[in-house]
2 protein chains.
Amino acid sequence: MDVASLTPRLLLGPGPSPVSDRILRAMSRPTLGHLDPQFLAILDEVNEGLRELFGTRNRTTFPVSGTGSAGMEAALVNLLEPGDKAIVGVKGVFGTRLAEMSRRMGAEVITVEGEWGRPLDPDLLVATHREHPDARLLALVHAETSTGVRQPLDRVGAHLQESGTLFVVDAVTSLAGIPIEVDAVGIDVCYAGTQKCLGVPPGLAPITFSPRAVERVRSRTVPVASWYLDITLIAGYLGSERRYHHTAPINLVYALHEALREVREERLEARFRRHAEIGARLQAALAERGFRPYAGPENARLPQLTAVHLPHDRAEGPLRSALLEEHGIEVGGGLGPAQGKIWRIGLMGDGARQSSVDRLLGAIDNLLREEEAA
Amino acid sequence: MDVASLTPRLLLGPGPSPVSDRILRAMSRPTLGHLDPQFLAILDEVNEGLRELFGTRNRTTFPVSGTGSAGMEAALVNLLEPGDKAIVGVKGVFGTRLAEMSRRMGAEVITVEGEWGRPLDPDLLVATHREHPDARLLALVHAETSTGVRQPLDRVGAHLQESGTLFVVDAVTSLAGIPIEVDAVGIDVCYAGTQKCLGVPPGLAPITFSPRAVERVRSRTVPVASWYLDITLIAGYLGSERRYHHTAPINLVYALHEALREVREERLEARFRRHAEIGARLQAALAERGFRPYAGPENARLPQLTAVHLPHDRAEGPLRSALLEEHGIEVGGGLGPAQGKIWRIGLMGDGARQSSVDRLLGAIDNLLREEEAA
């Protein structure tokens, strides 16, 4: 097989999102060494651009050399020691994953569970923290990719800042699509992926650590169990010391660098507005066609990831396959309890365009008409 | 800054190595979804190609979504439980790293230390294993990137096959450059990087697990501490079940796929011969110029990575900088006890060409002449 013969798809699933030609071109520039001064200058600009996106002045801000889940693991493994308490909000796949990872690290996990498709009640989260004020961290998923729900963060952030508990936030599907204000909200560790609203191929996980999170890592009594994800070692390479740690994925860093230029040219506010408007248009058009939203209430629906039941609760698989095979459009199916029941439609990064909405709706209408005629 | 304005370099350091235009082009093909049947077919071919390179029929063979060090961590974290004994050969940076990672995982580490720049005595390794027959694993670096030494594996492999101890081998700098015969030697877990003799940008770590290594993972009493690197979960995605685990770095997988096609077209034997011949030519030419080999004895010198003292034991830094800045050629400096004392010159993948040797020698001669004239 030759990758040149692959049929391109319009990526409207939960990620990866479409990658612009400009980013693909940047990624294919000749590889430089990971200690080349030219590459280190690129990396410095990337880290600075990520600070802007995260809304933070945290020095310790960089792309982890792995996908979004590596970012999740980096957040937890640096903060947790065996026996630590971790409060984790669970209302979808990624909250479940946070809890699972924390348990593997030997933490005592207190879950705050909620219905899939609904945000967790901030009062309940705060009350749980009051029961466990000695928790090392409280972790929430901001944009739950498995359900399309936006989790409010402000109240929990304000509450935790007064405590010794660190606030960990998963922004994998948020970053560059909806506002995430790390410093203003009081988030201590925030991580993301590049293959969602940034429109960069998967393989990097932007992450940021607040000064008190860094202090926590410094005061650990046992070393970080993962050498690869030890942020003190990584910061030694990416920071001013430039001590060799591992070989960064050079060409993916080029791609991320180009994506950050795109964001700067568009301006972050305009990018958020684009995601909000395009997502709202899709959601309205789907409602007209009898698709029923899975996530709610309305103000908790993410614009960049729309989860919907199909009209008349029909099986989702056959239509989704036809969309891919006959129309070259990828949308996602459900996960966990929502498996087989919903579609997850991403309008992220370069995919958040009116043309994507038009092409998707055209294809859906076409397939539904064909069915009726059959 | 614009990545389009970066000055290309001839990468003759310890990695990354030069990436062919063909691979860069393949990498910049439009991104597909990680569950797209087209992408899964590419992944199947990649895994099959990696089996050929590793010389194995192991079903559990795939690229880990991280750089070479993630491969190292994946090997250890899946096999070791807290309290397990690990015997680690240490004679350079990467053996040191194996020991350090094992300790962080709670293993009791028995190091077999040797002089940097020399291989470890297989008799000593076997004798150490006889003292600790209950060791969970014995780990060796095949091609030590920090010293340019090739470690013999056969005797240790044959010995360990008769025991309950698993043989872990670091082939980061070996794979596709010098022969590594996983099944014939009796290696249980072998991992590599893509940015060395394969000539793919960094970001993936090919790995293979023997049936008895997989059995060991299945019979663990505590879960693998790393969720991201848990091979049972990864195999569920990459294997026949296709269960979502994480989002693979799609475009890097394209690049690896293309590199494996290059290898197949060239044929593996011819590729090994090319690396052997070009490396030998460089080593002879450097000797003529008064460079003294750091690694020895002669049959332990890697062809793809040459470590040398400079003529008259001169400082290595200024000449190396001049090589980069004036001639656009990257070579590596020393690490650890060899820091400031040696160069490490890689002739790997697409860099293992007579033209690389000619350009490097021309530049060195030029710089030395300029110095004399000054």
# chains A, B, ... in the order shown; residues from 1 in each chain; ligands from 1
call {"tool": "residues_around", "arguments": {"residues": "Val308 of chain A", "least_positions_apart": "3", "cutoff": "10 Å", "atoms": "only C-alpha atoms", "output": "ChimeraX atom specification"}}
result
/A:147-148,283,286-287,290-295,305,311,313,333-334,341-345
call {"tool": "closest_atom_pairs", "arguments": {"of": "chain A", "to": "chain B", "cutoff": "6 Å", "atoms": "only C-alpha atoms", "output": "Markdown table"}}
result
| residue | atom | partner | partner_atom | distance |
| --- | --- | --- | --- | --- |
| A:Pro16 | CA | B:Gly33 | CA | 5.9 |
| A:Leu24 | CA | B:Ser28 | CA | 5.1 |
| A:Ser28 | CA | B:Leu24 | CA | 5.1 |
| A:Gly33 | CA | B:Pro16 | CA | 5.9 |
| A:Gly66 | CA | B:Gly66 | CA | 5.2 |
| A:Met101 | CA | B:Trp227 | CA | 5.9 |
| A:Arg104 | CA | B:Ala225 | CA | 5.0 |
| A:Met105 | CA | B:Ala225 | CA | 5.7 |
| A:Pro202 | CA | B:Pro249 | CA | 4.7 |
| A:Gly203 | CA | B:Pro249 | CA | 4.7 |
| A:Ala225 | CA | B:Arg104 | CA | 5.0 |
| A:Trp227 | CA | B:Met101 | CA | 5.9 |
| A:Pro249 | CA | B:Pro202 | CA | 4.7 |
call {"tool": "select_by_dssp", "arguments": {"residues": "segment 21-107 of chain B", "states": "helix (DSSP H, G or I)", "output": "MDAnalysis selection string"}}
result
chainID B and resid 21:27 37:54 68:79 93:104
call {"tool": "residues_around", "arguments": {"residues": "segment 126-136 of chain A", "least_positions_apart": "3", "cutoff": "12 Å", "atoms": "only C-alpha atoms", "output": "PyMOL selection string"}}
result
chain A and resi 76-89+102+107-113+120-123+139+153-168+188+212-213+216-217+220
call {"tool": "residues_around", "arguments": {"residues": "Gly349 of chain B", "least_positions_apart": "2", "cutoff": "6 Å", "atoms": "only C-alpha atoms", "output": "ChimeraX atom specification"}}
result
/B:197-199,351-352
call {"tool": "atom_distance", "arguments": {"atom1": "atom CA of Arg218 of chain A", "atom2": "atom CA of Asp170 of chain A"}}
result
22.4 Å
call {"tool": "residues_around", "arguments": {"residues": "His142 of chain B", "least_positions_apart": "5", "cutoff": "8 Å", "atoms": "only C-alpha atoms", "output": "list in words"}}
result
Arg150, Gln151, Pro152, Leu153, Val169, Asp170, Ala171 and Ser174 of chain B
call {"tool": "write_last_selection", "arguments": {"atoms": "N, CA and C atoms", "output": "PDB file, in the first residue's frame"}}
result
ATOM      1  N   ARG B 150      28.962  -1.678  20.330  1.00  0.00           N
ATOM      2  CA  ARG B 150      28.023  -2.754  20.049  1.00  0.00           C
ATOM      3  C   ARG B 150      28.193  -3.827  21.126  1.00  0.00           C
ATOM      4  N   GLN B 151      27.094  -4.157  21.774  1.00  0.00           N
ATOM      5  CA  GLN B 151      27.117  -5.151  22.853  1.00  0.00           C
ATOM      6  C   GLN B 151      26.743  -6.522  22.292  1.00  0.00           C
ATOM      7  N   PRO B 152      27.585  -7.549  22.460  1.00  0.00           N
ATOM      8  CA  PRO B 152      27.190  -8.898  22.017  1.00  0.00           C
ATOM      9  C   PRO B 152      25.999  -9.390  22.851  1.00  0.00           C
ATOM     10  N   LEU B 153      25.064 -10.071  22.195  1.00  0.00           N
ATOM     11  CA  LEU B 153      23.824 -10.481  22.862  1.00  0.00           C
ATOM     12  C   LEU B 153      23.633 -12.001  22.909  1.00  0.00           C
ATOM     13  N   VAL B 169      16.098  -5.809  25.428  1.00  0.00           N
ATOM     14  CA  VAL B 169      17.190  -5.223  24.652  1.00  0.00           C
ATOM     15  C   VAL B 169      16.781  -3.884  24.040  1.00  0.00           C
ATOM     16  N   ASP B 170      17.631  -2.893  24.261  1.00  0.00           N
ATOM     17  CA  ASP B 170      17.470  -1.565  23.673  1.00  0.00           C
ATOM     18  C   ASP B 170      18.122  -1.584  22.294  1.00  0.00           C
ATOM     19  N   ALA B 171      17.307  -1.453  21.257  1.00  0.00           N
ATOM     20  CA  ALA B 171      17.823  -1.454  19.883  1.00  0.00           C
ATOM     21  C   ALA B 171      17.532  -0.119  19.213  1.00  0.00           C
ATOM     22  N   SER B 174      20.080   0.492  16.758  1.00  0.00           N
ATOM     23  CA  SER B 174      20.394  -0.677  15.915  1.00  0.00           C
ATOM     24  C   SER B 174      19.415  -0.849  14.770  1.00  0.00           C
TER      25      SER B 174
END
call {"tool": "select_by_dssp", "arguments": {"residues": "segment 118-162 of chain B", "states": "strand (DSSP E or B)", "output": "list in words"}}
result
Leu137, Leu138, Ala139, Leu140, Val141, Ala143, Glu144, Val149 and Arg150 of chain B
call {"tool": "residues_around", "arguments": {"residues": "Phe62 of chain A", "least_positions_apart": "2", "cutoff": "9 Å", "atoms": "only C-alpha atoms", "output": "list in words"}}
result
Leu43, Asp44, Val46, Asn47, Glu48, Leu50, Arg51, Arg59, Thr60, Val64, Ala205, Pro206, Ile207, Thr208, Ile234, Ala235 and Leu238 of chain A
call {"tool": "write_last_selection", "arguments": {"atoms": "N, CA and C atoms", "output": "PDB file, in the first residue's frame"}}
result
ATOM      1  N   LEU A  43      11.022  26.068  19.565  1.00  0.00           N
ATOM      2  CA  LEU A  43      10.401  25.530  20.767  1.00  0.00           C
ATOM      3  C   LEU A  43      10.048  26.653  21.753  1.00  0.00           C
ATOM      4  N   ASP A  44      10.935  27.627  21.892  1.00  0.00           N
ATOM      5  CA  ASP A  44      10.647  28.763  22.775  1.00  0.00           C
ATOM      6  C   ASP A  44       9.383  29.484  22.308  1.00  0.00           C
ATOM      7  N   VAL A  46       6.969  28.212  20.564  1.00  0.00           N
ATOM      8  CA  VAL A  46       5.834  27.318  20.805  1.00  0.00           C
ATOM      9  C   VAL A  46       5.377  27.447  22.259  1.00  0.00           C
ATOM     10  N   ASN A  47       6.329  27.401  23.178  1.00  0.00           N
ATOM     11  CA  ASN A  47       5.957  27.477  24.588  1.00  0.00           C
ATOM     12  C   ASN A  47       5.286  28.809  24.909  1.00  0.00           C
ATOM     13  N   GLU A  48       5.777  29.886  24.289  1.00  0.00           N
ATOM     14  CA  GLU A  48       5.178  31.194  24.500  1.00  0.00           C
ATOM     15  C   GLU A  48       3.758  31.229  23.929  1.00  0.00           C
ATOM     16  N   LEU A  50       1.779  28.701  23.564  1.00  0.00           N
ATOM     17  CA  LEU A  50       0.908  27.876  24.405  1.00  0.00           C
ATOM     18  C   LEU A  50       0.473  28.628  25.654  1.00  0.00           C
ATOM     19  N   ARG A  51       1.373  29.444  26.202  1.00  0.00           N
ATOM     20  CA  ARG A  51       0.990  30.262  27.364  1.00  0.00           C
ATOM     21  C   ARG A  51      -0.195  31.153  27.018  1.00  0.00           C
ATOM     22  N   ARG A  59       5.767  29.521  33.773  1.00  0.00           N
ATOM     23  CA  ARG A  59       7.020  29.209  33.105  1.00  0.00           C
ATOM     24  C   ARG A  59       7.002  27.781  32.563  1.00  0.00           C
ATOM     25  N   THR A  60       6.506  26.861  33.395  1.00  0.00           N
ATOM     26  CA  THR A  60       6.523  25.442  33.030  1.00  0.00           C
ATOM     27  C   THR A  60       5.337  25.122  32.117  1.00  0.00           C
ATOM     28  N   VAL A  64       4.196  18.013  25.779  1.00  0.00           N
ATOM     29  CA  VAL A  64       4.686  16.678  26.131  1.00  0.00           C
ATOM     30  C   VAL A  64       4.774  15.858  24.836  1.00  0.00           C
ATOM     31  N   ALA A 205       1.110  16.831  23.454  1.00  0.00           N
ATOM     32  CA  ALA A 205       0.148  17.207  24.479  1.00  0.00           C
ATOM     33  C   ALA A 205       0.650  18.444  25.208  1.00  0.00           C
ATOM     34  N   PRO A 206       0.157  19.632  24.812  1.00  0.00           N
ATOM     35  CA  PRO A 206       0.523  20.849  25.533  1.00  0.00           C
ATOM     36  C   PRO A 206       0.125  20.716  27.002  1.00  0.00           C
ATOM     37  N   ILE A 207       0.991  21.196  27.887  1.00  0.00           N
ATOM     38  CA  ILE A 207       0.696  21.101  29.322  1.00  0.00           C
ATOM     39  C   ILE A 207       1.268  22.322  30.018  1.00  0.00           C
ATOM     40  N   THR A 208       0.645  22.703  31.129  1.00  0.00           N
ATOM     41  CA  THR A 208       1.169  23.824  31.918  1.00  0.00           C
ATOM     42  C   THR A 208       1.041  23.519  33.401  1.00  0.00           C
ATOM     43  N   ILE A 234      11.991  17.069  31.983  1.00  0.00           N
ATOM     44  CA  ILE A 234      11.600  17.657  30.699  1.00  0.00           C
ATOM     45  C   ILE A 234      11.900  19.152  30.702  1.00  0.00           C
ATOM     46  N   ALA A 235      11.592  19.808  31.830  1.00  0.00           N
ATOM     47  CA  ALA A 235      11.832  21.260  31.905  1.00  0.00           C
ATOM     48  C   ALA A 235      13.325  21.562  31.798  1.00  0.00           C
ATOM     49  N   LEU A 238      13.708  21.571  27.996  1.00  0.00           N
ATOM     50  CA  LEU A 238      12.971  22.622  27.304  1.00  0.00           C
ATOM     51  C   LEU A 238      13.250  23.997  27.889  1.00  0.00           C
TER      52      LEU A 238
END
call {"tool": "decode", "arguments": {"residues": "segment 302-345 of chain A", "atoms": "N, CA and C atoms", "output": "mmCIF file, in the first residue's frame"}}
result
data_model
loop_
_atom_site.group_PDB
_atom_site.id
_atom_site.type_symbol
_atom_site.label_atom_id
_atom_site.label_comp_id
_atom_site.auth_asym_id
_atom_site.auth_seq_id
_atom_site.Cartn_x
_atom_site.Cartn_y
_atom_site.Cartn_z
ATOM 1 N N LEU A 302 -21.169 21.783 24.163
ATOM 2 C CA LEU A 302 -19.968 22.300 23.508
ATOM 3 C C LEU A 302 -20.292 22.646 22.064
ATOM 4 N N PRO A 303 -19.800 23.785 21.553
ATOM 5 C CA PRO A 303 -20.028 24.063 20.130
ATOM 6 C C PRO A 303 -19.133 23.191 19.235
ATOM 7 N N GLN A 304 -17.937 22.848 19.724
ATOM 8 C CA GLN A 304 -16.975 22.133 18.875
ATOM 9 C C GLN A 304 -17.199 20.637 18.844
ATOM 10 N N LEU A 305 -18.046 20.124 19.742
ATOM 11 C CA LEU A 305 -18.326 18.687 19.728
ATOM 12 C C LEU A 305 -19.790 18.461 20.069
ATOM 13 N N THR A 306 -20.527 18.034 19.062
ATOM 14 C CA THR A 306 -21.967 17.893 19.183
ATOM 15 C C THR A 306 -22.321 16.413 19.280
ATOM 16 N N ALA A 307 -22.962 16.043 20.389
ATOM 17 C CA ALA A 307 -23.395 14.652 20.554
ATOM 18 C C ALA A 307 -24.903 14.601 20.361
ATOM 19 N N VAL A 308 -25.358 13.757 19.448
ATOM 20 C CA VAL A 308 -26.794 13.703 19.133
ATOM 21 C C VAL A 308 -27.298 12.275 18.952
ATOM 22 N N HIS A 309 -28.543 12.068 19.379
ATOM 23 C CA HIS A 309 -29.278 10.858 19.019
ATOM 24 C C HIS A 309 -29.798 11.038 17.610
ATOM 25 N N LEU A 310 -29.896 9.948 16.866
ATOM 26 C CA LEU A 310 -30.399 10.051 15.499
ATOM 27 C C LEU A 310 -31.935 10.130 15.504
ATOM 28 N N PRO A 311 -32.505 10.639 14.426
ATOM 29 C CA PRO A 311 -33.970 10.757 14.359
ATOM 30 C C PRO A 311 -34.622 9.402 14.612
ATOM 31 N N HIS A 312 -35.712 9.404 15.362
ATOM 32 C CA HIS A 312 -36.464 8.181 15.670
ATOM 33 C C HIS A 312 -35.594 7.123 16.328
ATOM 34 N N ASP A 313 -34.528 7.555 17.024
ATOM 35 C CA ASP A 313 -33.628 6.636 17.714
ATOM 36 C C ASP A 313 -33.184 5.456 16.846
ATOM 37 N N ARG A 314 -32.972 5.724 15.593
ATOM 38 C CA ARG A 314 -32.509 4.680 14.669
ATOM 39 C C ARG A 314 -31.076 4.266 15.001
ATOM 40 N N ALA A 315 -30.673 3.107 14.511
ATOM 41 C CA ALA A 315 -29.300 2.623 14.723
ATOM 42 C C ALA A 315 -28.328 3.595 14.063
ATOM 43 N N GLU A 316 -27.253 3.898 14.749
ATOM 44 C CA GLU A 316 -26.368 4.940 14.233
ATOM 45 C C GLU A 316 -25.293 4.386 13.300
ATOM 46 N N GLY A 317 -24.950 3.094 13.463
ATOM 47 C CA GLY A 317 -23.805 2.524 12.750
ATOM 48 C C GLY A 317 -23.910 2.567 11.226
ATOM 49 N N PRO A 318 -24.993 2.044 10.646
ATOM 50 C CA PRO A 318 -25.063 1.962 9.180
ATOM 51 C C PRO A 318 -24.969 3.335 8.507
ATOM 52 N N LEU A 319 -25.651 4.312 9.070
ATOM 53 C CA LEU A 319 -25.624 5.646 8.462
ATOM 54 C C LEU A 319 -24.220 6.267 8.583
ATOM 55 N N ARG A 320 -23.578 5.990 9.711
ATOM 56 C CA ARG A 320 -22.227 6.536 9.913
ATOM 57 C C ARG A 320 -21.256 5.906 8.921
ATOM 58 N N SER A 321 -21.391 4.607 8.676
ATOM 59 C CA SER A 321 -20.528 3.938 7.692
ATOM 60 C C SER A 321 -20.769 4.489 6.298
ATOM 61 N N ALA A 322 -22.039 4.701 5.975
ATOM 62 C CA ALA A 322 -22.365 5.219 4.644
ATOM 63 C C ALA A 322 -21.790 6.624 4.462
ATOM 64 N N LEU A 323 -21.842 7.402 5.528
ATOM 65 C CA LEU A 323 -21.288 8.757 5.490
ATOM 66 C C LEU A 323 -19.791 8.694 5.160
ATOM 67 N N LEU A 324 -19.100 7.747 5.786
ATOM 68 C CA LEU A 324 -17.659 7.612 5.555
ATOM 69 C C LEU A 324 -17.387 7.070 4.154
ATOM 70 N N GLU A 325 -18.079 5.993 3.810
ATOM 71 C CA GLU A 325 -17.719 5.292 2.576
ATOM 72 C C GLU A 325 -18.262 5.969 1.321
ATOM 73 N N GLU A 326 -19.479 6.513 1.419
ATOM 74 C CA GLU A 326 -20.062 7.114 0.218
ATOM 75 C C GLU A 326 -19.762 8.603 0.104
ATOM 76 N N HIS A 327 -19.569 9.256 1.245
ATOM 77 C CA HIS A 327 -19.385 10.715 1.199
ATOM 78 C C HIS A 327 -18.032 11.175 1.737
ATOM 79 N N GLY A 328 -17.216 10.239 2.210
ATOM 80 C CA GLY A 328 -15.881 10.613 2.678
ATOM 81 C C GLY A 328 -15.889 11.508 3.894
ATOM 82 N N ILE A 329 -16.932 11.409 4.713
ATOM 83 C CA ILE A 329 -17.017 12.246 5.914
ATOM 84 C C ILE A 329 -16.966 11.359 7.148
ATOM 85 N N GLU A 330 -16.035 11.660 8.043
ATOM 86 C CA GLU A 330 -15.944 10.898 9.291
ATOM 87 C C GLU A 330 -16.666 11.630 10.415
ATOM 88 N N VAL A 331 -17.617 10.931 11.053
ATOM 89 C CA VAL A 331 -18.130 11.395 12.345
ATOM 90 C C VAL A 331 -17.901 10.258 13.318
ATOM 91 N N GLY A 332 -17.993 10.537 14.631
ATOM 92 C CA GLY A 332 -17.704 9.501 15.621
ATOM 93 C C GLY A 332 -18.970 8.856 16.161
ATOM 94 N N GLY A 333 -18.838 7.637 16.671
ATOM 95 C CA GLY A 333 -19.939 6.978 17.376
ATOM 96 C C GLY A 333 -19.831 7.251 18.865
ATOM 97 N N GLY A 334 -20.739 6.646 19.633
ATOM 98 C CA GLY A 334 -20.713 6.845 21.083
ATOM 99 C C GLY A 334 -19.740 5.906 21.768
ATOM 100 N N LEU A 335 -19.392 6.229 22.999
ATOM 101 C CA LEU A 335 -18.506 5.384 23.802
ATOM 102 C C LEU A 335 -19.246 5.001 25.080
ATOM 103 N N GLY A 336 -18.836 3.899 25.686
ATOM 104 C CA GLY A 336 -19.397 3.488 26.978
ATOM 105 C C GLY A 336 -20.894 3.299 26.870
ATOM 106 N N PRO A 337 -21.663 3.857 27.826
ATOM 107 C CA PRO A 337 -23.114 3.663 27.804
ATOM 108 C C PRO A 337 -23.779 4.275 26.573
ATOM 109 N N ALA A 338 -23.073 5.169 25.886
ATOM 110 C CA ALA A 338 -23.652 5.811 24.697
ATOM 111 C C ALA A 338 -23.265 5.079 23.415
ATOM 112 N N GLN A 339 -22.550 3.964 23.555
ATOM 113 C CA GLN A 339 -22.113 3.233 22.356
ATOM 114 C C GLN A 339 -23.328 2.750 21.556
ATOM 115 N N GLY A 340 -23.285 2.978 20.258
ATOM 116 C CA GLY A 340 -24.382 2.543 19.391
ATOM 117 C C GLY A 340 -25.593 3.459 19.443
ATOM 118 N N LYS A 341 -25.532 4.492 20.297
ATOM 119 C CA LYS A 341 -26.723 5.320 20.495
ATOM 120 C C LYS A 341 -26.620 6.732 19.943
ATOM 121 N N ILE A 342 -25.384 7.204 19.797
ATOM 122 C CA ILE A 342 -25.243 8.616 19.394
ATOM 123 C C ILE A 342 -24.159 8.778 18.331
ATOM 124 N N TRP A 343 -24.177 9.962 17.736
ATOM 125 C CA TRP A 343 -23.056 10.430 16.923
ATOM 126 C C TRP A 343 -22.346 11.525 17.713
ATOM 127 N N ARG A 344 -21.045 11.587 17.491
ATOM 128 C CA ARG A 344 -20.288 12.727 18.017
ATOM 129 C C ARG A 344 -19.680 13.438 16.818
ATOM 130 N N ILE A 345 -20.114 14.670 16.620
ATOM 131 C CA ILE A 345 -19.694 15.439 15.451
ATOM 132 C C ILE A 345 -18.783 16.573 15.901
#
